[in-house]
Each structure stands twice: as structure tokens, then as C-alpha cells.
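The file protein-v6.cif comes next; it holds mmCIF, C-alpha atoms and all ligand atoms.
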data_entry
loop_
_atom_site.label_atom_id
_atom_site.label_comp_id
_atom_site.auth_asym_id
_atom_site.auth_seq_id
_atom_site.Cartn_x
_atom_site.Cartn_y
_atom_site.Cartn_z
CA MET C 1 -12.22 -19.11 -1.34
CA SER C 2 -13.94 -22.45 -1.94
CA SER C 3 -16.67 -23.61 0.38
CA THR C 4 -14.40 -26.37 1.72
CA SER C 5 -11.61 -24.03 2.75
CA LYS C 6 -11.58 -22.12 6.00
CA LYS C 7 -10.94 -18.47 6.66
CA TYR C 8 -7.26 -18.20 7.51
CA THR C 9 -6.38 -15.78 10.30
CA VAL C 10 -3.99 -12.88 9.73
CA LEU C 11 -1.80 -10.62 11.88
CA ASP C 12 -0.76 -7.39 10.11
CA LEU C 13 2.34 -5.67 11.53
CA PHE C 14 3.06 -2.03 10.52
CA CYS C 15 -0.53 -2.07 9.26
CA GLY C 16 -0.90 1.69 8.56
CA CYS C 17 -4.45 2.38 7.43
CA GLY C 18 -4.70 -1.20 6.20
CA GLY C 19 -4.30 -1.34 2.41
CA LEU C 20 -2.62 -4.73 2.65
CA SER C 21 -5.15 -5.99 5.21
CA LYS C 22 -7.94 -4.91 2.86
CA GLY C 23 -6.39 -6.93 0.02
CA TYR C 24 -6.22 -10.04 2.23
CA GLU C 25 -9.77 -9.46 3.41
CA MET C 26 -10.93 -9.23 -0.23
CA ALA C 27 -9.24 -12.61 -0.82
CA GLY C 28 -11.30 -14.15 2.01
CA TYR C 29 -8.91 -14.07 4.98
CA ASN C 30 -9.94 -13.16 8.53
CA ILE C 31 -7.80 -10.24 9.75
CA LEU C 32 -7.52 -10.54 13.52
CA LEU C 33 -5.21 -7.66 14.37
CA GLY C 34 -3.37 -4.70 12.87
CA VAL C 35 -0.47 -3.09 14.77
CA ASP C 36 1.05 0.35 14.19
CA PHE C 37 2.12 3.44 16.13
CA ASN C 38 0.47 6.08 13.97
CA LYS C 39 -2.79 7.09 15.67
CA PRO C 40 -4.72 8.58 12.71
CA ALA C 41 -3.77 5.56 10.55
CA LEU C 42 -5.01 3.21 13.29
CA GLU C 43 -8.29 5.12 13.53
CA THR C 44 -8.73 4.66 9.77
CA TYR C 45 -7.80 1.00 10.17
CA GLN C 46 -10.38 0.46 12.90
CA LYS C 47 -13.13 2.21 10.95
CA ASN C 48 -12.60 0.12 7.83
CA HIS C 49 -11.80 -3.28 9.31
CA LYS C 50 -14.83 -3.80 11.50
CA GLY C 51 -14.09 -7.37 12.57
CA SER C 52 -10.42 -6.70 13.39
CA LYS C 53 -8.64 -5.05 16.32
CA ALA C 54 -6.28 -2.11 15.80
CA LEU C 55 -3.47 -2.06 18.37
CA TYR C 56 -1.29 0.93 19.11
CA ALA C 57 2.22 -0.37 19.83
CA ASP C 58 5.80 0.62 19.07
CA LEU C 59 7.27 -2.44 17.37
CA SER C 60 10.81 -1.33 18.15
CA ASP C 61 9.98 -1.84 21.81
CA ASP C 62 10.51 -5.34 23.24
CA ASN C 63 7.27 -5.03 25.24
CA ALA C 64 5.17 -4.79 22.07
CA PHE C 65 4.81 -8.56 21.85
CA SER C 66 3.23 -8.95 25.25
CA GLU C 67 0.59 -6.43 24.11
CA ILE C 68 0.12 -8.36 20.88
CA ASP C 69 -0.19 -11.62 22.86
CA ASP C 70 -2.93 -10.03 24.98
CA ALA C 71 -4.78 -8.73 21.92
CA ILE C 72 -4.61 -12.09 20.13
CA ASN C 73 -5.71 -13.86 23.30
CA GLY C 74 -4.52 -17.33 22.32
CA GLN C 75 -6.00 -17.41 18.82
CA LYS C 76 -3.94 -19.24 16.20
CA ILE C 77 -2.26 -16.99 13.60
CA ASP C 78 -2.15 -18.61 10.15
CA VAL C 79 -0.49 -15.78 8.22
CA ILE C 80 1.64 -12.79 9.25
CA ILE C 81 1.88 -9.85 6.84
CA GLY C 82 3.77 -6.60 7.12
CA GLY C 83 5.88 -3.88 5.60
CA PRO C 84 8.54 -2.77 8.08
CA PRO C 85 10.10 0.56 7.06
CA CYS C 86 13.73 0.08 6.07
CA GLN C 87 14.93 3.68 6.39
CA GLY C 88 18.23 3.68 8.24
CA PHE C 89 18.72 -0.02 7.60
CA SER C 90 22.28 -0.92 8.40
CA LEU C 91 24.69 -3.80 7.99
CA THR C 92 27.75 -2.94 10.02
CA GLY C 93 30.84 -5.01 10.73
CA ARG C 94 30.56 -8.57 9.52
CA ARG C 95 26.91 -8.68 8.49
CA GLN C 96 25.55 -7.11 11.65
CA PHE C 97 21.91 -7.74 10.85
CA ASP C 98 21.15 -7.57 14.57
CA ASP C 99 22.12 -3.88 14.70
CA SER C 100 19.52 -1.98 16.76
CA ARG C 101 18.72 0.19 13.72
CA ASN C 102 17.21 -2.91 12.11
CA LYS C 103 14.83 -3.47 14.99
CA LEU C 104 11.74 -3.18 12.84
CA TYR C 105 12.85 -6.04 10.62
CA LEU C 106 13.83 -7.99 13.68
CA ALA C 107 10.26 -7.50 14.98
CA MET C 108 8.99 -9.28 11.87
CA ILE C 109 11.40 -12.14 12.52
CA GLU C 110 10.37 -12.28 16.17
CA ALA C 111 6.69 -12.42 15.19
CA VAL C 112 7.29 -15.40 12.90
CA ARG C 113 9.44 -17.14 15.53
CA ARG C 114 6.78 -16.57 18.16
CA TYR C 115 3.54 -17.39 16.32
CA LYS C 116 4.89 -19.92 13.77
CA PRO C 117 2.37 -19.04 11.06
CA LYS C 118 1.78 -21.32 8.07
CA ALA C 119 3.01 -18.49 5.87
CA PHE C 120 4.12 -14.89 5.99
CA MET C 121 4.59 -11.99 3.61
CA ILE C 122 6.98 -9.01 3.90
CA GLU C 123 6.60 -6.03 1.59
CA ASN C 124 9.20 -3.36 0.96
CA VAL C 125 10.48 -0.79 -1.53
CA PRO C 126 12.31 -2.30 -4.52
CA GLY C 127 15.54 -0.51 -3.48
CA MET C 128 15.74 -2.97 -0.59
CA ALA C 129 16.78 -5.70 -3.05
CA ALA C 130 20.01 -3.88 -3.94
CA LEU C 131 20.84 -2.64 -0.44
CA TYR C 132 24.43 -3.59 0.55
CA ASN C 133 24.82 -5.36 -2.81
CA GLY C 134 21.90 -7.66 -2.06
CA GLU C 135 23.31 -8.78 1.30
CA VAL C 136 20.25 -7.60 3.24
CA LYS C 137 17.90 -9.50 0.97
CA ASP C 138 20.09 -12.61 1.19
CA GLU C 139 20.21 -12.37 4.97
CA ILE C 140 16.42 -12.11 5.20
CA MET C 141 16.07 -15.17 2.96
CA LYS C 142 18.60 -17.06 5.11
CA ARG C 143 17.10 -16.14 8.48
CA PHE C 144 13.67 -17.40 7.55
CA THR C 145 15.01 -20.47 5.73
CA ASP C 146 16.87 -21.39 8.92
CA MET C 147 13.53 -21.09 10.76
CA GLY C 148 12.01 -23.79 8.50
CA TYR C 149 10.32 -21.61 5.87
CA THR C 150 10.62 -22.16 2.12
CA MET C 151 11.31 -18.71 0.77
CA ASN C 152 10.82 -16.78 -2.42
CA ASN C 153 10.99 -13.08 -3.29
CA LYS C 154 10.19 -10.94 -6.29
CA ILE C 155 9.82 -7.31 -7.34
CA VAL C 156 6.20 -7.13 -8.44
CA CYS C 157 4.40 -4.32 -10.27
CA ALA C 158 0.93 -3.35 -9.06
CA ALA C 159 -0.27 -2.44 -12.58
CA ASP C 160 0.11 -6.11 -13.59
CA TYR C 161 -2.75 -6.95 -11.20
CA GLY C 162 -5.25 -4.27 -12.23
CA VAL C 163 -4.02 -1.33 -10.15
CA PRO C 164 -3.96 1.89 -12.22
CA GLN C 165 -0.45 2.70 -11.01
CA ILE C 166 3.15 1.81 -11.81
CA ARG C 167 4.19 0.88 -8.30
CA LYS C 168 6.91 -1.71 -7.80
CA ARG C 169 7.45 -3.49 -4.53
CA LEU C 170 9.80 -6.17 -3.25
CA VAL C 171 7.79 -9.01 -1.70
CA PHE C 172 9.09 -11.95 0.33
CA ILE C 173 6.86 -14.95 0.94
CA GLY C 174 7.71 -17.83 3.26
CA ILE C 175 5.81 -21.11 3.50
CA LYS C 176 6.29 -23.30 6.56
CA ASP C 177 7.78 -26.76 6.88
CA GLY C 178 9.51 -27.52 3.60
CA ALA C 179 6.34 -26.95 1.63
CA GLU C 180 6.89 -26.06 -2.02
CA LYS C 181 8.11 -22.57 -2.91
CA TYR C 182 5.47 -19.89 -3.44
CA GLU C 183 5.29 -18.87 -7.09
CA PHE C 184 4.11 -15.30 -7.58
CA PRO C 185 0.88 -14.92 -9.57
CA GLU C 186 1.30 -14.38 -13.30
CA PRO C 187 0.33 -10.83 -14.34
CA TYR C 188 -3.42 -10.48 -14.94
CA LEU C 189 -2.85 -7.73 -17.55
CA LYS C 190 -0.36 -7.03 -20.34
CA PRO C 191 1.13 -3.48 -20.32
CA GLU C 192 -1.14 -2.43 -23.19
CA GLU C 193 -4.14 -3.49 -21.06
CA TYR C 194 -3.15 -1.56 -17.90
CA VAL C 195 -5.92 0.48 -16.28
CA THR C 196 -5.31 4.19 -17.05
CA CYS C 197 -5.75 7.26 -14.87
CA GLU C 198 -8.81 8.36 -16.80
CA GLN C 199 -10.39 4.91 -16.55
CA ALA C 200 -9.71 5.03 -12.80
CA ILE C 201 -10.83 8.53 -11.79
CA GLY C 202 -12.57 10.10 -14.83
CA ASP C 203 -16.00 9.85 -13.18
CA LEU C 204 -15.08 11.93 -10.10
CA PRO C 205 -16.29 15.54 -9.97
CA SER C 206 -13.82 18.31 -10.80
CA LEU C 207 -15.03 20.83 -8.21
CA GLU C 208 -16.64 19.35 -5.22
CA LYS C 209 -20.01 20.17 -3.78
CA THR C 210 -18.90 19.64 -0.22
CA LEU C 211 -21.66 18.67 2.16
CA GLY C 212 -19.34 18.76 5.16
CA ASN C 213 -17.33 16.05 6.90
CA ASP C 214 -15.44 15.20 3.75
CA ILE C 215 -18.60 13.83 2.14
CA SER C 216 -19.78 14.88 -1.33
CA GLU C 217 -21.81 13.46 -4.20
CA TYR C 218 -21.09 11.53 -7.37
CA GLU C 219 -22.29 13.63 -10.29
CA GLN C 220 -22.48 10.90 -12.92
CA ALA C 221 -22.74 7.15 -13.32
CA PRO C 222 -19.51 5.11 -13.44
CA LEU C 223 -18.01 5.06 -16.93
CA THR C 224 -15.67 2.05 -16.78
CA GLU C 225 -15.47 -1.42 -15.26
CA TYR C 226 -12.79 -0.18 -12.85
CA GLN C 227 -14.97 2.71 -11.65
CA LYS C 228 -17.87 0.28 -11.12
CA LEU C 229 -15.60 -2.04 -9.17
CA MET C 230 -14.35 0.78 -6.93
CA ARG C 231 -17.83 2.19 -6.29
CA GLY C 232 -19.41 -1.14 -5.41
CA ASP C 233 -22.56 -0.23 -3.49
CA CYS C 234 -21.16 3.09 -2.29
CA ASN C 235 -23.42 6.03 -3.09
CA VAL C 236 -21.69 8.90 -1.33
CA LEU C 237 -18.27 10.25 -2.10
CA TYR C 238 -15.83 10.41 0.82
CA ASN C 239 -12.51 12.29 1.03
CA HIS C 240 -13.00 14.10 -2.28
CA LYS C 241 -12.05 17.65 -1.33
CA ALA C 242 -9.78 19.78 -3.51
CA ILE C 243 -6.85 21.81 -2.20
CA ASP C 244 -7.33 25.54 -2.71
CA HIS C 245 -3.97 26.19 -4.38
CA LYS C 246 -2.40 29.64 -4.63
CA GLN C 247 -3.22 31.42 -7.88
CA PHE C 248 0.36 31.08 -9.21
CA VAL C 249 0.14 27.29 -8.75
CA LYS C 250 -3.14 27.15 -10.71
CA ASP C 251 -1.75 29.42 -13.43
CA THR C 252 1.45 27.41 -13.74
CA ILE C 253 -0.08 23.96 -13.87
CA ALA C 254 -2.65 25.24 -16.37
CA GLN C 255 0.25 25.51 -18.83
CA VAL C 256 1.36 21.87 -18.46
CA PRO C 257 -0.30 19.47 -20.91
CA ASP C 258 -1.81 16.06 -20.04
CA GLY C 259 1.16 13.81 -19.12
CA GLY C 260 3.64 16.71 -19.18
CA ASN C 261 5.92 18.27 -16.57
CA TRP C 262 8.05 21.36 -15.80
CA LYS C 263 9.96 20.89 -19.08
CA ASP C 264 6.77 21.85 -20.96
CA LEU C 265 6.52 25.25 -19.24
CA PRO C 266 7.49 28.44 -21.09
CA LYS C 267 10.77 30.03 -20.06
CA GLY C 268 10.48 31.93 -16.79
CA VAL C 269 7.37 30.04 -15.58
CA GLY C 270 7.43 27.74 -12.53
CA GLU C 271 11.22 27.77 -12.36
CA SER C 272 11.26 27.69 -8.57
CA ARG C 273 10.47 23.97 -8.90
CA ASN C 274 12.58 22.37 -11.63
CA PHE C 275 13.63 19.00 -10.24
CA HIS C 276 12.61 16.06 -12.39
CA MET C 277 9.26 15.35 -10.65
CA ALA C 278 8.09 18.99 -10.49
CA TRP C 279 4.86 20.16 -12.11
CA THR C 280 3.94 16.70 -13.32
CA ARG C 281 0.49 16.04 -14.64
CA TYR C 282 -0.69 12.47 -14.60
CA CYS C 283 -1.21 11.09 -18.08
CA SER C 284 -4.87 10.30 -18.76
CA THR C 285 -3.98 7.36 -21.05
CA LYS C 286 -1.51 5.62 -18.72
CA PRO C 287 -1.50 4.30 -15.15
CA SER C 288 -0.25 6.90 -12.68
CA ARG C 289 3.31 6.99 -11.45
CA THR C 290 3.89 5.81 -7.87
CA ILE C 291 1.55 7.67 -5.51
CA ASP C 292 3.56 9.54 -2.89
CA THR C 293 2.57 10.68 0.59
CA GLY C 294 1.33 14.10 -0.54
CA HIS C 295 4.33 16.09 -1.79
CA ARG C 296 2.20 18.19 -4.13
CA ASN C 297 4.30 17.59 -7.24
CA ASN C 298 1.70 15.50 -9.06
CA PHE C 299 -1.38 17.08 -10.56
CA HIS C 300 -4.64 15.82 -12.02
CA TYR C 301 -4.37 15.00 -15.74
CA LYS C 302 -7.11 17.53 -16.53
CA TYR C 303 -7.87 19.81 -13.58
CA ASN C 304 -5.52 22.47 -12.21
CA ARG C 305 -5.05 20.92 -8.80
CA CYS C 306 -3.43 18.02 -6.98
CA PRO C 307 -5.46 14.81 -6.78
CA THR C 308 -7.89 14.59 -3.90
CA VAL C 309 -7.43 11.86 -1.29
CA ARG C 310 -10.20 9.89 -3.02
CA GLU C 311 -8.51 10.14 -6.41
CA SER C 312 -5.21 8.92 -4.93
CA ALA C 313 -7.10 6.17 -3.11
CA ARG C 314 -8.69 5.07 -6.40
CA LEU C 315 -5.21 4.94 -7.96
CA GLN C 316 -4.21 2.72 -5.04
CA SER C 317 -7.33 0.53 -5.65
CA PHE C 318 -9.02 1.33 -2.33
CA PRO C 319 -12.76 0.85 -2.77
CA ASP C 320 -14.79 4.07 -2.46
CA ASP C 321 -16.39 2.98 0.81
CA PHE C 322 -12.94 2.91 2.47
CA VAL C 323 -12.97 6.15 4.48
CA PHE C 324 -9.77 7.94 5.53
CA LEU C 325 -9.67 9.74 8.90
CA GLY C 326 -7.33 12.46 10.18
CA ASN C 327 -6.38 15.73 8.53
CA LYS C 328 -5.60 15.99 4.81
CA GLY C 329 -1.83 15.53 5.36
CA GLN C 330 -2.42 12.45 7.50
CA GLN C 331 -4.85 11.00 4.96
CA ASP C 332 -2.38 11.55 2.08
CA LYS C 333 0.28 9.78 4.10
CA GLN C 334 -1.98 6.80 4.82
CA VAL C 335 -2.89 6.43 1.15
CA GLY C 336 0.67 6.94 -0.14
CA ASN C 337 2.15 4.43 2.32
CA ALA C 338 -0.31 1.66 1.54
CA VAL C 339 0.08 -1.54 -0.40
CA PRO C 340 -2.52 -1.26 -3.20
CA CYS C 341 -5.47 -3.45 -2.18
CA LEU C 342 -5.65 -5.28 -5.52
CA LEU C 343 -1.95 -6.14 -5.37
CA GLY C 344 -2.41 -7.53 -1.85
CA LYS C 345 -5.47 -9.44 -3.03
CA ALA C 346 -3.62 -11.06 -5.97
CA ILE C 347 -0.77 -12.21 -3.73
CA ALA C 348 -3.20 -13.43 -1.06
CA LEU C 349 -5.37 -15.38 -3.51
CA GLN C 350 -2.30 -17.16 -4.86
CA LEU C 351 -1.20 -17.93 -1.29
CA LEU C 352 -4.47 -19.77 -0.63
CA LYS C 353 -3.32 -22.52 -3.01
CA TYR C 354 -0.34 -23.25 -0.78
CA LEU C 355 -2.30 -23.04 2.46
CA ASN C 356 -5.03 -25.32 1.14
CA ASP C 357 -2.45 -27.82 -0.08
CA GLY C 358 -0.87 -27.83 3.34
CA GLU C 359 -4.08 -28.79 5.16
C1 LIG C 401 4.64 1.46 4.60
S1 LIG C 401 3.60 1.79 5.94
C2 LIG C 401 2.58 0.35 5.99
C3 LIG C 401 1.42 0.36 5.05
C4 LIG C 401 0.47 -0.76 5.21
N1 LIG C 401 1.07 -2.06 5.04
C5 LIG C 401 -0.71 -0.61 4.23
O1 LIG C 401 -0.81 -1.42 3.30
O2 LIG C 401 -1.53 0.31 4.42
C6 LIG C 401 4.65 1.51 7.33
C7 LIG C 401 3.98 1.71 8.67
O3 LIG C 401 4.93 1.39 9.70
C8 LIG C 401 4.57 2.14 10.83
N2 LIG C 401 5.70 2.13 11.76
C9 LIG C 401 6.94 2.65 11.58
N3 LIG C 401 7.70 2.45 12.67
C10 LIG C 401 6.91 1.77 13.57
C11 LIG C 401 7.13 1.27 14.89
N4 LIG C 401 8.30 1.44 15.52
N5 LIG C 401 6.12 0.64 15.51
C12 LIG C 401 4.92 0.47 14.90
N6 LIG C 401 4.66 0.91 13.64
C13 LIG C 401 5.64 1.56 12.99
C14 LIG C 401 4.24 3.52 10.26
O4 LIG C 401 3.44 4.26 11.16
C15 LIG C 401 3.54 3.14 8.95
O5 LIG C 401 2.13 3.16 9.11
#

Could you show the structure in this file as C-alpha cells?
Ligand SMILES: C[S@@+](CC[C@H](N)C(=O)[O-])C[C@H]1O[C@@H](n2cnc3c(N)ncnc32)[C@H](O)[C@@H]1O
Amino acid sequence: MSSTSKKYTVLDLFCGCGGLSKGYEMAGYNILLGVDFNKPALETYQKNHKGSKALYADLSDDNAFSEIDDAINGQKIDVIIGGPPCQGFSLTGRRQFDDSRNKLYLAMIEAVRRYKPKAFMIENVPGMAALYNGEVKDEIMKRFTDMGYTMNNKIVCAADYGVPQIRKRLVFIGIKDGAEKYEFPEPYLKPEEYVTCEQAIGDLPSLEKTLGNDISEYEQAPLTEYQKLMRGDCNVLYNHKAIDHKQFVKDTIAQVPDGGNWKDLPKGVGESRNFHMAWTRYCSTKPSRTIDTGHRNNFHYKYNRCPTVRESARLQSFPDDFVFLGNKGQQDKQVGNAVPCLLGKAIALQLLKYLNDGE
């Protein structure tokens, strides 16, 4: 952000642990408030976003906005960001977008109507674009256009912006008052330049010397630019604790090569899990596949175990000083649900051009 520009204020709805907020913060924005109804995720949010408030509220409840009003306390909101879950999304009858099952999307619309930000961003799974033959996407574009926002949307890939992960997301951006349409940032990297799994996590210890409280030690210096970037000034290793798998799991995964899966196993081995994602090892020379919320089907490219929370966080471009709270399952969920910080940062940096122009 240039010295002449101000810090734009942000409201993050469905904030989770705050991957998207972190990306906006890295781009120089001032995150005022994150809202969610998952307690462990909010605790993580509060710990890692020191200047922001974390509000527990159910956004499907009409009263949520009076709580948000109280928390904001009259401050101007420049940008609203959020990723409402679209499970159960429904268009019934003649384009019944106002169906109560769509309440979480309607909360996003209500927030924009209420706070009239200069811009907003909505993030969702790419499948949303094709839902009801594209009618849902078209309706979202129309609703916000009717509210005076110039809209654009695109399916973006996190790996294009330096995230060591093939993760695609549908992103909508609206800019207020007939301003020009937001153009998504050009990819920073070509596919052959993508950050690989090994470049992302190859410096992290295989077996952890746990000192308690999820804190352990780095055992070597960072080996790549990405590892240096993620470590920053951090000199202790948080959330890097391995799962103690059953012996049959260790023995089975030991037979899968780097980048392989259940199809590489000898006949009769590991057959209880033979769906297409089972027994998959990350490939050391490629970005990871999309990080999930801890289903235990993905394994380290070299070690005979699932990735630790820290390894998954690295693959989501969370800096190492971002600490996850809650139990292991809750931490995996927070990491897997997040917008990769560097993807959020790239979109947010590009957005500054439009906000600055609008001053
Ligand atoms: C995809 S995650 C958001 C991830 C977040 N943007 C990030 O980058 O870390 C969706 C979040 O919506 C929250 N959520 C779902 N239904 C909600 C509701 N009715 N009220 C508030 N939050 C809700 C979930 O708890 C979850 O944290």
C-alpha cells in the first residue's frame, strides 16, 4: 500500500479461522471484525488477528446484524469479504433465490445492502458456477448489479499466485457506483513455476520432538524461498504433531510411491479403501491437490503418515506464526476450510487499485 493510501476497513463474514482475513491483512487492509459460529475457529481467529474482533453469531439468524452493528460501533466498512457455505443451496419454483435454505447467501446480500461498502468479495467452491445450469451465479450477479455494484466473477487457481496447491475457487467481486469492472490479477506463476510440495514443506521434521502444547523445534534452516517466506521471524514450530497411525496404515502407505495412490498397491493390500482418492501420497515435485478438512486419505510425499496441521497450513500458505487452536480435528477443519492467504492477498492487492481510483 502506498504511503498516500489509507488502510481500508474490512468486515469478514463466515470468517472461520481467518485465512482470507490474513490475506487482506497482508495486503495492508485493516480487518475490523470476523463473524462465525464455530467456537474453536473463532478462538484461532482472535489469537491471530490481534487488532480485530471475533464475533460469535449465527448468520442465518435475523438478529445477527444487530450484534454486528454493536461490534462495529458506527465505524465505516470499506470492504466486505466472505465465503458463505452453499451446501443445500436451492432454487425452487421460478428462481426462488429467497428460499430459506439460501439464508447464508442472503446474509451476504443483507450485509452489502446495510453497510454499502466500496467493494465486496464472495468466495465459493467452483461447483457453484454450474449450479442450476449457472442460474445461481447469474442471480448473484444480478442482485448485486441491481444494488449499484459493477460485478465480475472468475474461477481462480491458488497455485497461480504462489500457493503450493491446486485449489480452484469461484470468486465474485463487486465495485460500488458504476466504477469500472474489477479485473482479476494475472497469474504470478506459469504452471511449470508452481511451488511444489517439497519446496513448501521439505524443511519440516519427519518425527517431532514435541515439547508440549503443540510446540516443537525446526531442525534445519529453510531450504527454499517459500520456506523462508513462511517462517518469517518465527523460530518455534507450532501445530506440527504427527498422528500415530495403526501399524497396518503405516505398512500400507509405505508401499505407495511418491505421487502414487491405491492403484500402486500390490493385490490384496489396502483394498478396504479403493475409491479414487484413497492412499494418495502427495507428489514431491508438484503442488498438492486441494487440502481437505482432515479425511486422512492424503499422505506425506515421503513419510508414512498424514500431513501435520502445520504441513497442511504451509500448503495453504499460512505463515508459520499463525497458530491453530482446538483439537486436531478442529484444527484440520479450520485449515481445510480456509482461503489460502496468498490467494486472498493477490485478490486484495489488485482490489486496492480500484479503491484508490475511487477516492
Ligand atoms: C469455508 S469456511 C470459511 C473460511 C474462511 N473464509 C477462511 O478463509 O478461513 C465457512 C465458514 O462458515 C461458517 N458458518 C457456516 N454456517 C454459519 C452460520 N449460520 N453462521 C455463521 N457462520 C457460519 C463455518 O463455521 C465456517 O467457518

Find the axis-aligned box for ligand LIG 401 (chain C), covering all its listed atoms and adding 6 Å on each side, and write its centre and edge lengths in Å to one decimal as AutoDock Vina command-line options.
--center_x 3.4 --center_y 1.1 --center_z 9.4 --size_x 21.8 --size_y 18.3 --size_z 24.2

Mind pulling up the distance from atom CA of Ala338 of chain C to atom O3 of ligand LIG 401 (chain C)? 9.7 Å

Give the residue list for ligand LIG 401 (chain C) at 8 Å, counting all atoms listed in the file, as a count of residues only, sorted by chain and then by residue number. 36

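Between atom CA of Gln220 of chain C and atom CA of Ala242 of chain C the separation is 18.1 Å.
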
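Counting all atoms listed in the file, the residue from C:Asn48, C:Leu352, C:Asp70, C:Ala64 that sits nearest to Glu110 of chain C is C:Ala64.
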
Closest of C:Cys197, C:Ile347, C:Val309, C:Leu55 to Ser288 of chain C, counting all atoms listed in the file, is C:Cys197

Could you produce a table of the residues of segment 223-282 of chain C lying within 7 Å of segment 297-307 of chain C, with the nearest pair of atoms per residue and their separation in Å rounded to one decimal, using all atoms listed in the file, ordered by chain and increasing residue number, as CSV?
residue,atom,partner,partner_atom,distance
C:Ile243,CA,C:Arg305,CA,6.9
C:His245,CA,C:Arg305,CA,7.0
C:Lys250,CA,C:Asn304,CA,5.5
C:Ile253,CA,C:Asn304,CA,5.9
C:Ala254,CA,C:Asn304,CA,5.8
C:Asp258,CA,C:Tyr301,CA,5.1
C:Gly259,CA,C:Tyr301,CA,6.6
C:Met277,CA,C:Asn297,CA,6.4
C:Ala278,CA,C:Asn297,CA,5.2
C:Trp279,CA,C:Asn297,CA,5.5
C:Thr280,CA,C:Asn298,CA,5.0
C:Arg281,CA,C:Phe299,CA,4.6
C:Tyr282,CA,C:Tyr301,CA,4.6

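Between atom CA of Glu139 of chain C and atom CA of Ile122 of chain C the interatomic distance comes to 13.7 Å.
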
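Minimum distance to Ile109 of chain C across C:Thr145, C:Gln316, C:Thr44, C:Gln75 (counting only C-alpha atoms) occurs at C:Thr145.
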
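Each of C:Pro40, C:Phe144, C:Gly134, C:Met26 was compared to Asp332 of chain C using only C-alpha atoms, and C:Pro40 turns out to be the nearest.
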